[in-house]
Amino acid sequence: MDVDAGMVAAQVCNTNKLYEGTSSGDFGNLYPDYSWETYTSEVATNHLFQVDIAVRRRGLQQPVDKMSIFFYAPDSPSSGFGRPTFR
């Protein structure tokens with residue numbers, strides 16, 4: 001089985017709260033040369049969030065896979081209308 005961004009997306013789907021910001025990790029012994037990173041941001045003031053996912057392989061500059069997914073997460077904290085968000 002090849003490693004892909006869908007593996008990370010499946011884990012993100014297991015939560016009912018999203019927080020703006022970044023997170024990262026790896027796939028452990030299953031795929032020792034691969035890591036993942038996410039960037040989560042609220043794209044509308046109605047608790048619509050976008051999660052950008054990238055999977056990287058050690059030694060390569062470009063991601064080997066990437067995707068963006070959208071979630072409606074009403075239990076997540078909102079950044080509020082007009083409040084700036086930082087990347």
# chains A, B, ... in the order shown; residues from 1 in each chain; ligands from 1
$ select_by_dssp --residues "chain A" --states "strand (DSSP E or B)" --output "count of residues only"
35
$ select_by_dssp --residues "chain A" --states "alpha helix (DSSP H)" --output "PyMOL selection string"
chain A and resi 5-12
$ residues_around --residues "Leu60 (chain A)" --least-positions-apart "6" --cutoff "12 Å" --atoms "only C-alpha atoms" --output "PDB file with N, CA, C and O atoms, in the first residue's frame"
ATOM      1  N   ASP A  33      10.129   6.746   6.300  1.00  0.00           N
ATOM      2  CA  ASP A  33      10.711   7.888   5.593  1.00  0.00           C
ATOM      3  C   ASP A  33       9.703   8.974   5.265  1.00  0.00           C
ATOM      4  O   ASP A  33      10.023   9.930   4.563  1.00  0.00           O
ATOM      5  N   TYR A  34       8.480   8.850   5.765  1.00  0.00           N
ATOM      6  CA  TYR A  34       7.415   9.790   5.412  1.00  0.00           C
ATOM      7  C   TYR A  34       6.926  10.551   6.640  1.00  0.00           C
ATOM      8  O   TYR A  34       6.900  10.021   7.751  1.00  0.00           O
ATOM      9  N   SER A  35       6.517  11.788   6.404  1.00  0.00           N
ATOM     10  CA  SER A  35       5.908  12.600   7.449  1.00  0.00           C
ATOM     11  C   SER A  35       4.717  13.338   6.849  1.00  0.00           C
ATOM     12  O   SER A  35       4.549  13.387   5.630  1.00  0.00           O
TER      13      SER A  35
END
$ closest_residue --among "A:Ile69, A:Leu18, A:Val3, A:Ala10" --to "Leu30 (chain A)" --atoms "only C-alpha atoms"
A:Val3
$ closest_residue --among "A:Ser79, A:Pro74, A:Met67, A:Arg56" --to "Pro32 (chain A)" --atoms "only C-alpha atoms"
A:Arg56
$ atom_distance --atom1 "CA of Asp4 (chain A)" --atom2 "CA of Ala54 (chain A)"
8.7 Å
$ residues_around --residues "Ser23 (chain A)" --least-positions-apart "6" --cutoff "8 Å" --atoms "only C-alpha atoms" --output "short mmCIF file (atom, residue, chain, number, x, y, z; two decimals) with N, CA and C atoms, in the first residue's frame"
data_model
loop_
_atom_site.label_atom_id
_atom_site.label_comp_id
_atom_site.auth_asym_id
_atom_site.auth_seq_id
_atom_site.Cartn_x
_atom_site.Cartn_y
_atom_site.Cartn_z
N GLU A 37 1.96 16.92 7.37
CA GLU A 37 1.69 18.20 8.02
C GLU A 37 0.32 18.70 7.59
N THR A 38 -0.36 19.40 8.49
CA THR A 38 -1.66 19.97 8.17
C THR A 38 -1.66 21.45 8.53
N TYR A 39 -2.46 22.19 7.80
CA TYR A 39 -2.73 23.59 8.12
C TYR A 39 -4.24 23.75 8.13
#
$ residues_around --residues "Asn14 (chain A)" --least-positions-apart "5" --cutoff "12 Å" --atoms "only C-alpha atoms" --output "list in words"
Met7, Val8, Ala9, Phe71 and Ala73 of chain A
$ atom_distance --atom1 "CA of Thr45 (chain A)" --atom2 "CA of Pro77 (chain A)"
10.2 Å
$ atom_distance --atom1 "CA of Thr22 (chain A)" --atom2 "CA of Ser76 (chain A)"
15.3 Å
$ closest_residue --among "A:Ser24, A:Trp36, A:His47, A:Tyr19" --to "Asp65 (chain A)" --atoms "only C-alpha atoms"
A:Trp36
